[in-house]
Each structure stands twice: as structure tokens, then as C-alpha cells.
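Source file: coords_21.txt; contents: compact mmCIF, C-alpha atoms and all ligand atoms.
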# COMPACT_ATOMS: atom_id res chain seq x y z
CA MET A 1 -15.67 7.06 59.42
CA LEU A 2 -14.55 8.16 55.95
CA GLY A 3 -14.26 5.59 53.16
CA THR A 4 -13.82 5.55 49.40
CA VAL A 5 -16.94 5.26 47.26
CA LEU A 6 -17.14 5.14 43.45
CA ARG A 7 -20.47 6.69 42.45
CA GLY A 8 -19.98 6.51 38.69
CA PRO A 9 -17.23 6.68 36.09
CA GLY A 10 -14.62 9.20 37.19
CA ASP A 11 -16.62 10.04 40.32
CA ILE A 12 -14.61 8.75 43.24
CA ARG A 13 -15.19 10.28 46.67
CA CYS A 14 -14.02 10.01 50.21
CA GLU A 15 -17.25 10.20 52.18
CA GLU A 16 -18.94 9.11 55.37
CA VAL A 17 -19.55 5.33 55.40
CA GLU A 18 -20.70 2.85 58.02
CA GLU A 19 -18.06 1.55 60.42
CA PRO A 20 -17.43 -2.17 59.94
CA GLU A 21 -18.48 -4.59 62.65
CA ILE A 22 -18.38 -8.31 63.30
CA LEU A 23 -21.33 -9.83 61.43
CA LEU A 24 -20.36 -13.52 61.59
CA PRO A 25 -18.39 -15.51 64.18
CA THR A 26 -15.64 -16.09 61.56
CA ASP A 27 -15.08 -12.33 60.91
CA ALA A 28 -12.31 -10.03 62.04
CA VAL A 29 -12.22 -6.25 62.02
CA ILE A 30 -8.86 -4.65 61.38
CA LYS A 31 -7.48 -1.13 61.67
CA LEU A 32 -5.63 -0.57 58.44
CA SER A 33 -2.01 0.54 58.55
CA ALA A 34 -2.20 1.57 54.90
CA THR A 35 -4.24 0.76 51.84
CA CYS A 36 -3.88 1.44 48.14
CA ILE A 37 -5.44 1.73 44.70
CA CYS A 38 -5.31 -1.27 42.38
CA GLY A 39 -5.00 -1.20 38.60
CA SER A 40 -8.26 -3.18 38.54
CA ASP A 41 -10.01 -0.31 40.39
CA LEU A 42 -9.45 1.71 37.23
CA TRP A 43 -11.76 -0.49 35.12
CA PRO A 44 -14.98 0.76 36.80
CA TYR A 45 -13.40 4.22 37.33
CA ARG A 46 -12.92 4.46 33.57
CA GLY A 47 -16.46 3.26 32.90
CA LEU A 48 -15.21 0.01 31.34
CA GLN A 49 -17.11 -1.99 33.95
CA PRO A 50 -20.66 -0.91 34.83
CA VAL A 51 -21.26 0.90 38.13
CA THR A 52 -24.92 0.26 38.92
CA GLU A 53 -24.77 1.27 42.58
CA PRO A 54 -22.18 3.06 44.73
CA MET A 55 -19.10 0.80 44.96
CA HIS A 56 -17.16 0.72 48.23
CA MET A 57 -13.63 0.44 46.93
CA GLY A 58 -10.47 -1.21 48.23
CA HIS A 59 -9.31 -4.80 48.41
CA GLU A 60 -5.62 -4.53 49.36
CA TYR A 61 -4.98 -4.27 53.06
CA CYS A 62 -2.81 -4.88 56.07
CA GLY A 63 -3.13 -3.69 59.61
CA VAL A 64 -3.83 -4.53 63.23
CA VAL A 65 -6.68 -6.76 64.37
CA VAL A 66 -9.07 -4.88 66.66
CA GLU A 67 -11.81 -7.47 67.14
CA VAL A 68 -12.54 -11.07 66.16
CA GLY A 69 -15.69 -13.17 66.07
CA SER A 70 -16.20 -16.01 68.54
CA ALA A 71 -15.09 -18.73 66.09
CA VAL A 72 -11.77 -17.14 65.07
CA ARG A 73 -8.78 -19.14 66.32
CA THR A 74 -5.60 -18.14 64.45
CA VAL A 75 -5.51 -14.36 64.84
CA LYS A 76 -6.27 -12.15 67.80
CA PRO A 77 -6.63 -8.46 68.63
CA GLY A 78 -3.32 -6.60 68.62
CA GLN A 79 -1.69 -8.76 65.94
CA PHE A 80 -0.48 -7.31 62.66
CA VAL A 81 -2.00 -9.17 59.73
CA VAL A 82 -1.94 -9.27 55.95
CA GLY A 83 -4.78 -10.84 54.01
CA SER A 84 -5.47 -11.80 50.44
CA PHE A 85 -7.87 -9.79 48.28
CA CYS A 86 -9.68 -13.14 47.87
CA ILE A 87 -11.47 -14.25 51.01
CA SER A 88 -11.03 -18.00 51.56
CA ASP A 89 -11.67 -20.64 54.22
CA ASN A 90 -8.32 -22.33 53.44
CA THR A 91 -9.89 -25.73 54.22
CA CYS A 92 -12.07 -26.69 51.22
CA PRO A 93 -10.73 -28.96 48.42
CA HIS A 94 -9.73 -26.00 46.21
CA CYS A 95 -7.93 -24.25 49.04
CA ARG A 96 -6.08 -27.42 49.98
CA PHE A 97 -5.04 -27.77 46.35
CA GLY A 98 -3.51 -24.29 46.52
CA PHE A 99 -6.28 -22.45 44.69
CA GLN A 100 -7.73 -20.36 47.48
CA SER A 101 -8.98 -17.92 44.85
CA SER A 102 -11.44 -20.67 43.79
CA CYS A 103 -12.51 -21.35 47.38
CA GLU A 104 -15.98 -22.83 47.78
CA GLN A 105 -16.69 -19.86 50.07
CA ARG A 106 -14.85 -17.30 47.96
CA GLU A 107 -15.68 -13.64 48.34
CA PHE A 108 -13.75 -10.66 47.05
CA MET A 109 -12.57 -8.18 49.62
CA SER A 110 -14.05 -4.70 49.40
CA ARG A 111 -14.33 -1.54 51.50
CA ALA A 112 -10.62 -1.56 52.35
CA GLN A 113 -9.91 2.01 51.17
CA ALA A 114 -10.93 3.10 54.67
CA PRO A 115 -9.43 3.28 58.18
CA TYR A 116 -11.18 0.06 59.32
CA ALA A 117 -12.33 -3.01 57.44
CA ARG A 118 -14.22 -6.23 58.08
CA VAL A 119 -12.44 -9.38 56.90
CA PRO A 120 -14.71 -12.44 56.55
CA LEU A 121 -13.28 -15.95 57.12
CA ALA A 122 -10.41 -14.46 59.12
CA ASP A 123 -8.76 -17.82 59.92
CA GLY A 124 -8.52 -18.80 56.28
CA THR A 125 -7.68 -15.38 54.88
CA LEU A 126 -5.34 -13.56 57.28
CA VAL A 127 -1.70 -14.28 58.11
CA ALA A 128 -0.18 -12.67 61.22
CA THR A 129 3.42 -11.50 61.57
CA PRO A 130 5.37 -12.83 64.59
CA ASP A 131 5.88 -9.27 65.91
CA MET A 132 4.77 -5.76 65.08
CA PRO A 133 6.69 -4.94 61.88
CA ALA A 134 8.76 -1.79 61.47
CA ASP A 135 6.83 1.10 59.89
CA ASP A 136 9.04 1.18 56.81
CA LEU A 137 7.98 -2.41 55.98
CA VAL A 138 4.27 -1.57 55.82
CA PRO A 139 4.22 -0.68 52.07
CA SER A 140 5.92 -3.97 51.18
CA LEU A 141 3.59 -5.99 53.43
CA LEU A 142 0.64 -4.19 51.88
CA ALA A 143 1.95 -5.12 48.43
CA ALA A 144 1.82 -8.81 49.42
CA SER A 145 -1.98 -8.54 49.75
CA ASP A 146 -2.54 -8.37 46.00
CA VAL A 147 -0.05 -6.76 43.62
CA LEU A 148 2.99 -8.79 44.70
CA GLY A 149 0.93 -11.94 45.22
CA THR A 150 -0.55 -11.54 41.74
CA GLY A 151 2.82 -10.95 40.06
CA TRP A 152 4.15 -13.95 41.96
CA TYR A 153 1.26 -16.11 40.82
CA ALA A 154 1.85 -15.03 37.20
CA ALA A 155 5.44 -16.27 37.49
CA ASP A 156 4.35 -19.46 39.27
CA ALA A 157 1.62 -20.14 36.68
CA ALA A 158 4.16 -19.52 33.88
CA ARG A 159 6.40 -22.14 35.56
CA VAL A 160 9.44 -19.90 35.97
CA GLN A 161 12.44 -22.07 36.83
CA PRO A 162 16.03 -21.37 37.85
CA GLY A 163 17.96 -20.50 34.69
CA SER A 164 14.90 -19.90 32.54
CA THR A 165 14.06 -17.08 30.14
CA VAL A 166 11.02 -15.03 31.08
CA VAL A 167 9.09 -12.33 29.24
CA ILE A 168 6.82 -9.94 31.13
CA VAL A 169 4.07 -8.26 29.11
CA GLY A 170 2.81 -5.16 30.94
CA ASP A 171 4.76 -2.59 32.92
CA GLY A 172 2.06 -1.76 35.43
CA ALA A 173 2.55 -2.55 39.10
CA VAL A 174 1.67 -6.24 38.63
CA GLY A 175 4.11 -6.64 35.73
CA LEU A 176 6.86 -5.05 37.80
CA MET A 177 6.09 -7.46 40.64
CA GLY A 178 6.27 -10.26 38.06
CA VAL A 179 9.83 -9.15 37.32
CA LEU A 180 10.67 -9.28 41.02
CA ALA A 181 9.08 -12.74 41.33
CA ALA A 182 10.95 -14.12 38.31
CA ARG A 183 14.22 -12.87 39.82
CA GLN A 184 13.42 -14.53 43.17
CA MET A 185 12.58 -17.79 41.38
CA GLY A 186 16.01 -17.77 39.76
CA ALA A 187 15.23 -16.85 36.16
CA GLU A 188 18.39 -16.05 34.25
CA ARG A 189 17.00 -13.79 31.58
CA ILE A 190 14.12 -11.49 32.42
CA ILE A 191 12.81 -9.42 29.52
CA ALA A 192 10.43 -6.63 30.53
CA MET A 193 8.29 -5.12 27.79
CA SER A 194 7.88 -1.44 28.61
CA ARG A 195 7.83 1.87 26.81
CA HIS A 196 8.04 4.14 29.85
CA ARG A 197 11.33 5.28 31.27
CA THR A 198 10.37 5.32 34.97
CA ARG A 199 8.85 1.84 34.68
CA GLN A 200 11.84 0.53 32.75
CA ASP A 201 14.12 1.83 35.51
CA LEU A 202 12.05 0.13 38.20
CA ALA A 203 11.95 -3.11 36.18
CA LEU A 204 15.76 -3.07 36.01
CA GLU A 205 15.92 -2.41 39.75
CA PHE A 206 13.61 -5.38 40.40
CA GLY A 207 15.83 -7.67 38.30
CA ALA A 208 15.02 -7.30 34.59
CA THR A 209 18.01 -8.08 32.37
CA ASP A 210 16.55 -6.70 29.12
CA ILE A 211 13.99 -4.08 28.18
CA VAL A 212 11.95 -4.31 24.99
CA SER A 213 10.07 -1.13 24.15
CA GLU A 214 8.38 -2.36 20.96
CA ARG A 215 4.93 -3.92 21.27
CA GLY A 216 2.61 -6.00 19.09
CA ASP A 217 4.25 -7.85 16.18
CA GLU A 218 7.40 -5.74 16.43
CA GLY A 219 7.71 -6.62 20.09
CA VAL A 220 7.26 -10.32 19.32
CA ALA A 221 9.91 -10.13 16.57
CA ARG A 222 12.34 -8.51 19.00
CA ILE A 223 11.72 -11.24 21.62
CA ARG A 224 12.33 -13.89 18.95
CA ARG A 225 15.65 -12.25 18.05
CA LEU A 226 16.65 -12.17 21.72
CA THR A 227 15.83 -15.88 22.19
CA ASP A 228 17.56 -17.51 19.20
CA GLY A 229 14.32 -17.44 17.26
CA VAL A 230 12.35 -19.72 19.61
CA GLY A 231 10.64 -17.54 22.21
CA ALA A 232 10.62 -17.73 26.02
CA GLU A 233 9.80 -20.69 28.25
CA SER A 234 7.70 -18.48 30.50
CA VAL A 235 5.59 -15.44 29.69
CA LEU A 236 3.69 -13.34 32.22
CA GLU A 237 0.65 -11.52 30.81
CA CYS A 238 -0.19 -8.64 33.14
CA VAL A 239 -2.55 -6.41 31.15
CA GLY A 240 -5.72 -8.19 29.96
CA THR A 241 -6.30 -6.80 26.46
CA GLN A 242 -6.49 -8.70 23.18
CA GLU A 243 -3.21 -7.15 22.05
CA SER A 244 -1.32 -8.02 25.24
CA MET A 245 -2.71 -11.57 25.31
CA MET A 246 -1.67 -12.21 21.70
CA GLN A 247 1.71 -10.66 22.40
CA ALA A 248 2.14 -13.02 25.37
CA MET A 249 1.01 -16.06 23.37
CA ASN A 250 3.39 -15.23 20.53
CA CYS A 251 6.39 -14.55 22.78
CA ALA A 252 6.19 -18.04 24.35
CA ARG A 253 8.03 -20.93 22.75
CA SER A 254 6.21 -24.14 21.86
CA GLY A 255 5.85 -26.12 25.07
CA GLY A 256 6.18 -22.89 27.04
CA SER A 257 3.78 -21.51 29.62
CA ILE A 258 1.81 -18.31 29.91
CA GLY A 259 0.63 -17.04 33.28
CA PHE A 260 -2.14 -14.53 32.65
CA VAL A 261 -3.27 -12.31 35.47
CA GLY A 262 -4.53 -9.20 33.70
CA VAL A 263 -8.32 -9.36 34.02
CA PRO A 264 -9.38 -10.01 30.39
CA HIS A 265 -11.50 -7.33 28.78
CA GLY A 266 -12.66 -8.30 25.30
CA VAL A 267 -10.06 -11.07 24.87
CA GLN A 268 -10.96 -13.85 22.42
CA LEU A 269 -8.80 -16.87 21.63
CA ASP A 270 -9.19 -19.12 18.63
CA GLY A 271 -9.50 -22.86 19.30
CA GLN A 272 -7.39 -24.03 16.38
CA GLY A 273 -4.79 -21.37 17.09
CA LEU A 274 -4.55 -22.66 20.66
CA PHE A 275 -4.38 -26.27 19.47
CA PHE A 276 -1.43 -25.74 17.16
CA ALA A 277 0.38 -23.27 19.41
CA GLN A 278 1.15 -26.00 22.00
CA LYS A 279 1.44 -23.62 24.88
CA SER A 280 0.17 -23.96 28.37
CA LEU A 281 -2.14 -21.34 29.86
CA LEU A 282 -2.97 -20.76 33.51
CA GLY A 283 -4.35 -17.57 34.94
CA GLY A 284 -7.15 -16.05 36.92
CA PRO A 285 -7.37 -14.28 40.25
CA ALA A 286 -4.20 -15.09 42.17
CA PRO A 287 -4.41 -17.54 45.07
CA VAL A 288 -2.42 -15.04 47.12
CA ARG A 289 -3.11 -16.92 50.36
CA ARG A 290 -0.91 -19.80 49.11
CA PHE A 291 2.08 -17.47 48.75
CA LEU A 292 1.44 -15.07 51.65
CA PRO A 293 3.55 -16.71 54.40
CA HIS A 294 6.58 -16.95 52.08
CA LEU A 295 6.16 -13.44 50.69
CA MET A 296 5.75 -11.96 54.17
CA ASP A 297 8.92 -13.75 55.32
CA LEU A 298 10.87 -12.35 52.35
CA VAL A 299 9.69 -8.84 53.25
CA LEU A 300 10.32 -9.21 57.01
CA GLU A 301 13.84 -10.55 56.29
CA ARG A 302 14.30 -7.55 53.94
CA LYS A 303 15.18 -9.81 51.02
CA ILE A 304 12.71 -8.05 48.73
CA ASP A 305 11.38 -4.50 48.63
CA PRO A 306 8.14 -4.64 46.63
CA GLY A 307 6.92 -1.46 48.38
CA LYS A 308 9.03 0.51 45.89
CA VAL A 309 6.19 0.00 43.44
CA PHE A 310 4.28 2.74 45.30
CA ASP A 311 5.54 5.94 43.69
CA LEU A 312 2.79 8.12 45.13
CA ALA A 313 1.49 8.27 48.71
CA LEU A 314 -1.53 10.36 49.63
CA PRO A 315 -3.84 10.74 52.61
CA LEU A 316 -7.12 8.86 52.18
CA ASP A 317 -9.13 12.05 51.65
CA ASP A 318 -7.02 12.82 48.56
CA VAL A 319 -8.15 9.51 47.02
CA ALA A 320 -9.56 11.23 43.91
CA GLU A 321 -6.10 12.56 43.02
CA GLY A 322 -4.72 9.03 43.56
CA TYR A 323 -7.14 7.58 41.00
CA ARG A 324 -6.48 10.44 38.55
CA ALA A 325 -2.71 10.03 38.82
CA MET A 326 -2.96 6.31 38.04
CA ASP A 327 -5.54 6.83 35.30
CA GLU A 328 -3.26 9.37 33.61
CA ARG A 329 -0.26 7.08 34.22
CA ARG A 330 1.47 9.78 36.26
CA ALA A 331 1.74 7.22 39.06
CA ILE A 332 2.42 3.50 38.90
CA LYS A 333 0.58 2.75 42.14
CA THR A 334 -0.86 4.96 44.86
CA LEU A 335 -0.56 4.17 48.54
CA LEU A 336 -3.25 5.70 50.75
CA ARG A 337 -2.42 6.71 54.30
CA VAL A 338 -5.35 6.13 56.64
ZN ZN B 1 -11.73 -22.89 50.42

With the file now loaded, output its structure as C-alpha cells.
Amino acid sequence: MLGTVLRGPGDIRCEEVEEPEILLPTDAVIKLSATCICGSDLWPYRGLQPVTEPMHMGHEYCGVVVEVGSAVRTVKPGQFVVGSFCISDNTCPHCRFGFQSSCEQREFMSRAQAPYARVPLADGTLVATPDMPADDLVPSLLAASDVLGTGWYAADAARVQPGSTVVIVGDGAVGLMGVLAARQMGAERIIAMSRHRTRQDLALEFGATDIVSERGDEGVARIRRLTDGVGAESVLECVGTQESMMQAMNCARSGGSIGFVGVPHGVQLDGQGLFFAQKSLLGGPAPVRRFLPHLMDLVLERKIDPGKVFDLALPLDDVAEGYRAMDERRAIKTLLRV
């Protein structure tokens, strides 16, 4: 079969790869209904993360189970499933505490930009829908696998409450999902920081009440003015650079919380600065599995439409154009048809 392989910076190909098979009794193999390109795939694509050997790309997935190992109990062939980008057993102490992305058996999903994929620890990772979902729901169910789950976690980690004021730093797909999550959690004021018209429009559609186009110190000053000089209770950091992290820290009020889900690249925080800031920080890879059943219900009941974040859809063999479009910010997020 054809799958997506990154051979070096900027060199992404759709080429012949091995078909997945059951390797362990706890595995499942699924036929993907759709897959997509993640903002984090751009780090190695841009050469900002070393590529020492060919990387089999893709960690966001949903589709139909075709085969399960002998130990799998909760999903069976023919069922439609969504899984987290973090593989988890869902039984260890970290999983039971709601941090499946710190599972004792954690693995990161890969090889999902392909027609078929192997999912380890199927019982702890996959969630099945009650029935076969309508085709038009597939993009939104796919979003639950990572981008929506990550935006949701950012809002959860930033302790978004009904009536609260929330700032979202980053207008990529995750930031936009953070806006949607904050709206669902009942935030009253949702301030999206974005300089791009199409992303601003989508943020407003997902529930943003204010747009701030300034960044850095100017952006912080604008947030202060919008919040009676105190800052926001909750800030979602969805980029991962030093500038975005400092912007997030400085937009939060004392006693406020920052949920940071942008994978940090070169971010350094000062101990004394943290001490006197009096702000709470929680981040990391999202424990999507904790949120999956709820997010899938919201999609199946058509209460949310996170699939709108895909503004480009291409066949798998056009994957190189999908990466280019995201790299050049012509597309927010690319869905790949398999
Ligand atoms: Zn676990």
C-alpha cells in the first residue's frame, strides 16, 4: 500500500510501505476513513527536529476496524472507531488519574497517513461509535483524535469555567479548537489572538467574542485593556515558542491558569519570574482518551462542528502539496482522503 514517508526536511513522499498487521494480541488494524496533517508534523518537515531515518508520518486517525488481536475485548471488526494520538492501556495509575498521555505503556501513534494502520493497545486507545456515522461527520470525528482533543485539553488545563474570560494564543488549528472548547465550557469572553483574516473569521465562528491582532508586548497591553487591567483567568498557549509562551504568561492574571499545548521549541522560563507571577501551568501532550467519549458524542449529536478546521482536502498521493500548503500557511489544516 501507499503511505507517507518523510525522508528529510521538505522531502515528503507518498510511497510503497509495508501493510500493517497484528503484531501483539492487544493490537487492532483499522482501515482509515480519513487522515490528516498535524501542525507538529511541520517541525521535522521544516528541519526543526532532526530526521535521522525515514519517518512514517501520521498520528490522527479514525476508521473501521478490520482485524483485532486475540486479547482485544472492547472493539471488533466492522466497528467505526476513533483513537487518541497517544497509545494508552487506560488501566495504569496515570490513565486512571486521567493522564493517558503519561500512560506507563505510552507510545505515540505513527504511520496513520496511509489507508490502513496498526493501533497498539486497542482496548485502551480506541473508542467505538454506536453505529456507522454519516460520511459528513468523518472530518469532525477525525478532529477528535488530536487537534480537537488537544484544544480541549488546553482549555481544561487552563481551568476554563462558565462565565470566565479566556485568551487563546495561537490561531493554528489547535488554537481554533481551543476557542471551540472554551465556548463549550461556557466561557463568557473568548479573546482570540490572530493576525490572519481567514483564521479570525473561523475563530469568530467557533465562538470567539474578541479578536486581538497585536502580538508580543503590544498584544499583552491590549489584553490588559480588555480585562480592566488584570488579565484573563485562563490562557491557552497553542504555539510553543518563547514569544508565545511569554505572551500567554503575561496575559494571565495572578492566580490564573495557563494550559500550554504547543510543543515547546527553545522555550526557557525563569524560576524567580515564575515564583512571583503566581500563575498555574499545566500542559504537555493531551490525554485525548479522557475526553474522547464526550467529544465524539458532541460530534454525533451535531452540537459541534470541529471538522470546519480542515480548509483543504487532498487525496493521499497529493500529500506533498498538503504539507506545502500548511507550511506556507495557505491552509490551516489538510485532510487526506485515503
Ligand atoms: Zn496507562

If you count all atoms listed in the file, which residues end up within 8 Å of ligand ZN 1 (chain B), as a PDB file with C-alpha atoms, keeping the file's coordinate frame?
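Result saved to pocket_37.pdb:
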ATOM      1  CA  SER A  88     -11.030 -18.000  51.560  1.00  0.00           C
ATOM      2  CA  ASP A  89     -11.670 -20.640  54.220  1.00  0.00           C
ATOM      3  CA  ASN A  90      -8.320 -22.330  53.440  1.00  0.00           C
ATOM      4  CA  THR A  91      -9.890 -25.730  54.220  1.00  0.00           C
ATOM      5  CA  CYS A  92     -12.070 -26.690  51.220  1.00  0.00           C
ATOM      6  CA  PRO A  93     -10.730 -28.960  48.420  1.00  0.00           C
ATOM      7  CA  HIS A  94      -9.730 -26.000  46.210  1.00  0.00           C
ATOM      8  CA  CYS A  95      -7.930 -24.250  49.040  1.00  0.00           C
ATOM      9  CA  ARG A  96      -6.080 -27.420  49.980  1.00  0.00           C
ATOM     10  CA  PHE A  99      -6.280 -22.450  44.690  1.00  0.00           C
ATOM     11  CA  GLN A 100      -7.730 -20.360  47.480  1.00  0.00           C
ATOM     12  CA  SER A 101      -8.980 -17.920  44.850  1.00  0.00           C
ATOM     13  CA  SER A 102     -11.440 -20.670  43.790  1.00  0.00           C
ATOM     14  CA  CYS A 103     -12.510 -21.350  47.380  1.00  0.00           C
ATOM     15  CA  GLU A 104     -15.980 -22.830  47.780  1.00  0.00           C
ATOM     16  CA  GLN A 105     -16.690 -19.860  50.070  1.00  0.00           C
ATOM     17  CA  ARG A 106     -14.850 -17.300  47.960  1.00  0.00           C
ATOM     18  CA  GLY A 124      -8.520 -18.800  56.280  1.00  0.00           C
TER      19      GLY A 124
END

- Message: So that I can see what lies close to A:Tyr153, please list as a list in words the residues with an atom at most 8 Å from it, counting all atoms listed in the file and leaving out residues fewer than 5 positions away in the same chain.
- Response: Gly259, Val261, Ala286, Pro287 and Val288 of chain A

Restricted to C-alpha atoms, what would the selected residues look like written as a CSV table (one decimal), keeping the file's coordinate frame?
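File produced: part33.csv:
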chain,number,residue,atom,x,y,z
A,259,GLY,CA,0.6,-17.0,33.3
A,261,VAL,CA,-3.3,-12.3,35.5
A,286,ALA,CA,-4.2,-15.1,42.2
A,287,PRO,CA,-4.4,-17.5,45.1
A,288,VAL,CA,-2.4,-15.0,47.1

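Minimum distance to A:Asp297 across A:Gly255, A:Pro130, A:Gly149, A:Gly216 (counting all atoms listed in the file) occurs at A:Pro130.
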
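Of the residues listed (A:Val220, A:Leu316, A:Arg195, A:Gly8), A:Gly8 shows the shortest atom-to-atom separation from A:Arg46; distances use all atoms listed in the file.
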
- Query: Do you know which residues are at most 7 Å from A:Ala248 counting all atoms listed in the file, after dropping those on the same chain fewer than 5 positions away, and could you put them as a list of chain:residue names?
  - Reply: A:Val169, A:Val235, A:Glu237, A:Ile258

Take the residues just selected and output them with C-alpha atoms as a PDB file, in the coordinates of the input.
ATOM      1  CA  VAL A 169       4.070  -8.260  29.110  1.00  0.00           C
ATOM      2  CA  VAL A 235       5.590 -15.440  29.690  1.00  0.00           C
ATOM      3  CA  GLU A 237       0.650 -11.520  30.810  1.00  0.00           C
ATOM      4  CA  ILE A 258       1.810 -18.310  29.910  1.00  0.00           C
TER       5      ILE A 258
END

- Item | Between atom CA of A:Gly98 and atom CA of A:Asp156, distance in Å (one decimal) |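 So the two atoms, atom CA of A:Gly98 and atom CA of A:Asp156, lie 11.7 Å apart.
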
- So which one's closest to A:Ile191, A:Cys251, A:Met246, A:Ala28, A:Val230? Using all atoms listed in the file, please.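 Answer, going by the shortest atom-to-atom distance: A:Cys251.
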
Counting only C-alpha atoms, what is within 8 Å of A:Gly170, bar same-chain residues fewer than 2 positions away, as a PDB file with C-alpha atoms, in the coordinates of the input?
ATOM      1  CA  ILE A 168       6.820  -9.940  31.130  1.00  0.00           C
ATOM      2  CA  GLY A 172       2.060  -1.760  35.430  1.00  0.00           C
ATOM      3  CA  VAL A 174       1.670  -6.240  38.630  1.00  0.00           C
ATOM      4  CA  GLY A 175       4.110  -6.640  35.730  1.00  0.00           C
ATOM      5  CA  LEU A 176       6.860  -5.050  37.800  1.00  0.00           C
ATOM      6  CA  ALA A 192      10.430  -6.630  30.530  1.00  0.00           C
ATOM      7  CA  MET A 193       8.290  -5.120  27.790  1.00  0.00           C
ATOM      8  CA  SER A 194       7.880  -1.440  28.610  1.00  0.00           C
ATOM      9  CA  GLU A 237       0.650 -11.520  30.810  1.00  0.00           C
ATOM     10  CA  CYS A 238      -0.190  -8.640  33.140  1.00  0.00           C
ATOM     11  CA  VAL A 239      -2.550  -6.410  31.150  1.00  0.00           C
ATOM     12  CA  SER A 244      -1.320  -8.020  25.240  1.00  0.00           C
TER      13      SER A 244
END

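Taking atom CA of A:Gln79 and atom CA of A:Pro293 as endpoints, the distance between them is 15.0 Å.
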
- Please provide the set of residues having any atom within 10 Å of A:Pro139, restricted to all atoms listed in the file, with same-chain residues fewer than 4 positions apart removed, written as a list in words.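 My reading of the contact set: Ser33, Ala34, Thr35, Cys36, Tyr61, Cys62, Asp135, Ala143, Ala144, Val299, Asp305, Pro306, Gly307, Lys308, Val309, Phe310, Ala313, Leu335 and Leu336 of chain A.
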
- Message: Taking 5 positions as the minimum chain separation for residues in the same chain, which residues sit within 6 Å of A:Val5 when counting all atoms listed in the file? Answer as a PyMOL selection string.
- Response: chain A and resi 12-13+55-57

- Task: Enter the distance from atom CA of A:Glu60 to atom CA of A:Ala117, in Å, rounded to one decimal.
- Result: 10.6 Å

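When all atoms listed in the file are used to compute distances to A:Ala154, the closest of the residues A:Gly240, A:Gly63, A:Pro77, A:Gly178 turns out to be A:Gly178.
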
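With only C-alpha atoms as the atoms that count, the residue of A:Leu32, A:Gly266, A:Glu205, A:Glu18 with the shortest distance to A:Arg337 is A:Leu32.
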
- At a cut-off of 12 Å from (-1.2, 5.7, 41.3) in the coordinates of the file, what residues are picked up using only C-alpha atoms, written as an NGL selection string? :A and (36-42 or 172-173 or 309-314 or 318-336)

- Item | Top pick for closest residue to A:Val147, considering A:Leu126, A:Leu180, A:Leu300, A:Leu281 and counting only C-alpha atoms |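 Looking only at the distances to A:Val147, the closest residue turns out to be A:Leu180.
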